[in-house]
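Enquirer: This one is structure_19.csv, CSV, N, CA and C atoms.
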chain,number,residue,atom,x,y,z
W,113,MET,N,-138.7,-109.8,-17.6
W,113,MET,CA,-139.3,-109.4,-16.4
W,113,MET,C,-138.2,-109.6,-15.2
W,114,ARG,N,-137.5,-110.7,-15.2
W,114,ARG,CA,-136.5,-110.9,-14.1
W,114,ARG,C,-135.5,-109.8,-14.1
W,115,SER,N,-135.1,-109.3,-15.3
W,115,SER,CA,-134.1,-108.3,-15.3
W,115,SER,C,-134.5,-106.9,-14.7
W,116,LEU,N,-135.8,-106.8,-14.4
W,116,LEU,CA,-136.3,-105.5,-13.9
W,116,LEU,C,-136.1,-105.5,-12.4
W,117,GLY,N,-135.9,-106.6,-11.7
W,117,GLY,CA,-135.8,-106.6,-10.3
W,117,GLY,C,-134.7,-105.7,-9.7
W,118,PRO,N,-133.5,-105.7,-10.2
W,118,PRO,CA,-132.5,-104.8,-9.7
W,118,PRO,C,-132.8,-103.3,-9.9
W,119,VAL,N,-133.7,-103.0,-10.9
W,119,VAL,CA,-134.1,-101.6,-11.1
W,119,VAL,C,-134.9,-101.0,-10.0
W,120,GLY,N,-135.8,-101.8,-9.4
W,120,GLY,CA,-136.6,-101.4,-8.3
W,120,GLY,C,-137.8,-102.2,-8.1
W,121,ASP,N,-138.6,-101.9,-7.0
W,121,ASP,CA,-139.8,-102.7,-6.7
W,121,ASP,C,-140.9,-102.4,-7.6
W,122,VAL,N,-141.0,-101.2,-8.1
W,122,VAL,CA,-142.0,-100.7,-9.1
W,122,VAL,C,-141.2,-100.1,-10.2
W,123,VAL,N,-141.4,-100.6,-11.4
W,123,VAL,CA,-140.7,-100.1,-12.6
W,123,VAL,C,-141.7,-99.7,-13.7
W,124,ARG,N,-141.5,-98.4,-14.1
W,124,ARG,CA,-142.4,-97.9,-15.2
W,124,ARG,C,-141.7,-98.0,-16.5
W,125,LEU,N,-142.4,-98.6,-17.5
W,125,LEU,CA,-141.9,-98.7,-18.9
W,125,LEU,C,-142.9,-98.1,-19.8
W,126,GLU,N,-142.5,-97.5,-20.9
W,126,GLU,CA,-143.4,-96.9,-21.9
W,126,GLU,C,-143.5,-98.0,-23.0
W,127,LEU,N,-144.7,-98.4,-23.2
W,127,LEU,CA,-145.0,-99.3,-24.3
W,127,LEU,C,-145.8,-98.5,-25.3
W,128,GLY,N,-145.1,-98.0,-26.3
W,128,GLY,CA,-145.8,-97.1,-27.2
W,128,GLY,C,-146.2,-95.8,-26.5
W,129,ALA,N,-147.4,-95.4,-26.5
W,129,ALA,CA,-147.9,-94.3,-25.8
W,129,ALA,C,-148.4,-94.6,-24.4
W,130,TRP,N,-148.3,-95.9,-24.0
W,130,TRP,CA,-148.9,-96.3,-22.7
W,130,TRP,C,-147.8,-96.5,-21.7
W,131,PRO,N,-148.0,-95.9,-20.5
W,131,PRO,CA,-147.1,-96.3,-19.4
W,131,PRO,C,-147.6,-97.6,-18.8
W,132,VAL,N,-146.6,-98.5,-18.5
W,132,VAL,CA,-147.0,-99.7,-17.9
W,132,VAL,C,-146.1,-99.9,-16.7
W,133,TYR,N,-146.7,-100.3,-15.6
W,133,TYR,CA,-146.0,-100.4,-14.3
W,133,TYR,C,-145.8,-101.9,-14.0
W,134,PHE,N,-144.6,-102.3,-13.7
W,134,PHE,CA,-144.4,-103.7,-13.3
W,134,PHE,C,-144.0,-103.7,-11.8
W,135,LEU,N,-144.7,-104.6,-11.1
W,135,LEU,CA,-144.3,-104.8,-9.7
W,135,LEU,C,-143.4,-106.0,-9.6
W,136,THR,N,-142.1,-105.8,-9.2
W,136,THR,CA,-141.1,-106.8,-9.3
W,136,THR,C,-141.0,-107.7,-8.0
W,137,THR,N,-141.7,-107.3,-7.0
W,137,THR,CA,-141.8,-108.1,-5.7
W,137,THR,C,-143.2,-108.1,-5.2
W,138,SER,N,-143.5,-109.0,-4.4
W,138,SER,CA,-144.9,-109.1,-3.8
W,138,SER,C,-145.1,-107.9,-2.8
W,139,ARG,N,-144.0,-107.5,-2.2
W,139,ARG,CA,-144.1,-106.4,-1.2
W,139,ARG,C,-144.3,-105.0,-1.9
W,140,ALA,N,-144.2,-105.0,-3.2
W,140,ALA,CA,-144.4,-103.7,-3.9
W,140,ALA,C,-145.8,-103.2,-4.0
W,141,GLY,N,-146.8,-104.0,-3.7
W,141,GLY,CA,-148.1,-103.5,-3.7
W,141,GLY,C,-149.2,-104.5,-3.8
W,142,ALA,N,-148.8,-105.8,-3.8
W,142,ALA,CA,-149.9,-106.8,-3.9
W,142,ALA,C,-150.9,-106.7,-2.8
W,143,PRO,N,-150.6,-106.5,-1.5
W,143,PRO,CA,-151.6,-106.4,-0.5
W,143,PRO,C,-152.6,-105.3,-0.8
W,144,GLY,N,-152.1,-104.2,-1.2
W,144,GLY,CA,-153.0,-103.0,-1.5
W,144,GLY,C,-153.8,-103.3,-2.8
W,145,ALA,N,-153.2,-103.9,-3.7
W,145,ALA,CA,-153.9,-104.2,-5.0
W,145,ALA,C,-155.0,-105.2,-4.8
W,146,VAL,N,-154.7,-106.2,-4.0
W,146,VAL,CA,-155.8,-107.2,-3.7
W,146,VAL,C,-156.9,-106.5,-2.9
W,147,ALA,N,-156.6,-105.7,-1.9
W,147,ALA,CA,-157.6,-105.1,-1.1
W,147,ALA,C,-158.5,-104.1,-1.9
W,148,GLN,N,-157.9,-103.6,-3.0
W,148,GLN,CA,-158.7,-102.6,-3.8
W,148,GLN,C,-159.0,-103.2,-5.2
W,149,ALA,N,-159.1,-104.5,-5.3
W,149,ALA,CA,-159.3,-105.1,-6.6
W,149,ALA,C,-160.5,-104.5,-7.4
W,150,ARG,N,-161.5,-104.1,-6.7
W,150,ARG,CA,-162.7,-103.5,-7.5
W,150,ARG,C,-162.3,-102.2,-8.1
W,151,SER,N,-161.3,-101.6,-7.7
W,151,SER,CA,-160.9,-100.3,-8.3
W,151,SER,C,-160.0,-100.5,-9.6
W,152,PHE,N,-159.5,-101.7,-9.8
W,152,PHE,CA,-158.6,-101.9,-10.9
W,152,PHE,C,-159.3,-102.5,-12.1
W,153,ALA,N,-158.9,-102.1,-13.3
W,153,ALA,CA,-159.3,-102.8,-14.5
W,153,ALA,C,-158.0,-103.0,-15.3
W,154,ARG,N,-157.8,-104.2,-15.8
W,154,ARG,CA,-156.6,-104.5,-16.5
W,154,ARG,C,-156.5,-103.9,-17.9
W,155,GLY,N,-157.6,-103.7,-18.5
W,155,GLY,CA,-157.6,-103.1,-19.8
W,155,GLY,C,-157.4,-104.0,-21.0
W,156,LEU,N,-157.4,-103.4,-22.2
W,156,LEU,CA,-157.4,-104.2,-23.4
W,156,LEU,C,-156.1,-105.0,-23.6
W,157,MET,N,-155.0,-104.5,-23.2
W,157,MET,CA,-153.7,-105.2,-23.3
W,157,MET,C,-153.7,-106.5,-22.6
W,158,PHE,N,-154.2,-106.5,-21.3
W,158,PHE,CA,-154.3,-107.7,-20.6
W,158,PHE,C,-155.4,-108.7,-21.1
W,159,GLU,N,-156.5,-108.1,-21.6
W,159,GLU,CA,-157.5,-108.9,-22.2
W,159,GLU,C,-157.0,-109.7,-23.3
W,160,ARG,N,-156.2,-109.0,-24.2
W,160,ARG,CA,-155.6,-109.7,-25.3
W,160,ARG,C,-154.5,-110.7,-24.9
W,161,ALA,N,-153.8,-110.4,-23.8
W,161,ALA,CA,-152.7,-111.3,-23.4
W,161,ALA,C,-153.3,-112.5,-22.6
W,162,ARG,N,-154.5,-112.5,-22.2
W,162,ARG,CA,-155.1,-113.6,-21.3
W,162,ARG,C,-155.0,-114.9,-22.0
W,163,PRO,N,-155.2,-115.1,-23.3
W,163,PRO,CA,-155.0,-116.4,-23.9
W,163,PRO,C,-153.6,-117.0,-23.8
W,164,LEU,N,-152.6,-116.1,-23.8
W,164,LEU,CA,-151.2,-116.5,-23.7
W,164,LEU,C,-150.8,-116.7,-22.2
W,165,LEU,N,-151.2,-115.8,-21.4
W,165,LEU,CA,-150.8,-115.8,-20.0
W,165,LEU,C,-151.7,-116.6,-19.0
W,166,GLY,N,-153.0,-116.8,-19.5
W,166,GLY,CA,-153.9,-117.5,-18.6
W,166,GLY,C,-154.7,-116.5,-17.8
W,167,THR,N,-155.7,-117.0,-17.0
W,167,THR,CA,-156.5,-116.2,-16.2
W,167,THR,C,-155.9,-116.3,-14.7
W,168,GLY,N,-154.8,-115.6,-14.5
W,168,GLY,CA,-154.2,-115.6,-13.2
W,168,GLY,C,-154.3,-114.3,-12.5
W,169,LEU,N,-153.6,-114.1,-11.4
W,169,LEU,CA,-153.7,-112.9,-10.6
W,169,LEU,C,-153.3,-111.6,-11.5
W,170,ALA,N,-152.4,-111.7,-12.4
W,170,ALA,CA,-151.9,-110.6,-13.2
W,170,ALA,C,-153.0,-110.2,-14.2
W,171,THR,N,-153.8,-111.1,-14.7
W,171,THR,CA,-154.7,-110.8,-15.8
W,171,THR,C,-156.2,-110.7,-15.3
W,172,SER,N,-156.4,-110.9,-14.1
W,172,SER,CA,-157.8,-111.0,-13.6
W,172,SER,C,-158.2,-109.6,-13.0
W,173,ASP,N,-159.5,-109.4,-13.1
W,173,ASP,CA,-160.1,-108.2,-12.5
W,173,ASP,C,-161.1,-108.5,-11.4
W,174,GLY,N,-161.4,-107.5,-10.6
W,174,GLY,CA,-162.5,-107.6,-9.6
W,174,GLY,C,-162.4,-108.7,-8.6
W,175,ASP,N,-163.6,-109.4,-8.5
W,175,ASP,CA,-163.7,-110.5,-7.4
W,175,ASP,C,-162.7,-111.6,-7.7
W,176,LEU,N,-162.6,-112.0,-9.0
W,176,LEU,CA,-161.7,-113.1,-9.4
W,176,LEU,C,-160.2,-112.7,-8.9
W,177,HIS,N,-159.8,-111.5,-9.2
W,177,HIS,CA,-158.5,-111.0,-8.8
W,177,HIS,C,-158.3,-111.1,-7.3
W,178,ARG,N,-159.3,-110.7,-6.6
W,178,ARG,CA,-159.3,-110.7,-5.1
W,178,ARG,C,-159.2,-112.1,-4.6
W,179,ARG,N,-160.0,-113.0,-5.1
W,179,ARG,CA,-159.9,-114.4,-4.7
W,179,ARG,C,-158.6,-115.0,-4.9
W,180,GLN,N,-158.0,-114.8,-6.1
W,180,GLN,CA,-156.7,-115.4,-6.4
W,180,GLN,C,-155.6,-114.8,-5.6
W,181,GLY,N,-155.8,-113.6,-5.1
W,181,GLY,CA,-154.8,-113.0,-4.2
W,181,GLY,C,-154.9,-113.3,-2.8
W,182,GLY,N,-155.9,-114.1,-2.4
W,182,GLY,CA,-156.1,-114.6,-1.1
W,182,GLY,C,-156.9,-113.6,-0.2
W,183,GLY,N,-157.6,-112.6,-0.9
W,183,GLY,CA,-158.3,-111.6,-0.1
W,183,GLY,C,-159.7,-111.9,0.0
Now, as a test, write the supplied structure out as structure tokens.
Expert:
Amino acid sequence: MRSLGPVGDVVRLELGAWPVYFLTTSRAGAPGAVAQARSFARGLMFERARPLLGTGLATSDGDLHRRQGGG
């Protein structure tokens, strides 16, 4: 993840058939993402990663995501 920073603020990678976007800085979209938390669903990949990553801002949906982002 750290190696993506020099590539840009938003980096798109292909994981199999799925495009995955990484935000490498907080200015890349966190305020908008937090404000529109109800519009986002993390999907199956994040659901399966939650036991490893925990229930944080990156793996949360909806109201929980918004609360963790300070919104």
Enquirer: What does the structure give for the distance between CA of Thr136 (chain W) and CA of Arg114 (chain W), in Å to one decimal?
Expert: 7.8 Å
Enquirer: Rounded to one decimal, what separation in Å do you get between CA of Ser138 (chain W) and CA of Gly174 (chain W)?
Expert: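 Going from CA of Ser138 (chain W) over to CA of Gly174 (chain W) covers 18.6 Å.
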Enquirer: Please report the interatomic distance between atom C of Leu165 (chain W) and atom N of Gln180 (chain W) in Å with one decimal.
Expert: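 Pair atom C of Leu165 (chain W) / atom N of Gln180 (chain W) returns 14.5 Å.
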Enquirer: Find the residues near Phe134 (chain W): any atom within 8 Å, counting only C-alpha atoms, skip ones fewer than 3 places away on the same chain, and give them as a list in words.
Expert: Val122, Val123, Arg124 and Leu125 of chain W
Enquirer: Give me, as a PyMOL selection string, all polymer residues having an atom no more than 12 Å from Glu159 (chain W), counting only C-alpha atoms and skipping those fewer than 6 positions away in the same chain.
Expert: chain W and resi 153+165-168+170-173
Enquirer: Between W:Arg179, W:Leu169, W:Thr137, W:Arg154, which has the minimum distance to Gly120 (chain W) (counting all atoms listed in the file)?
Expert: W:Thr137
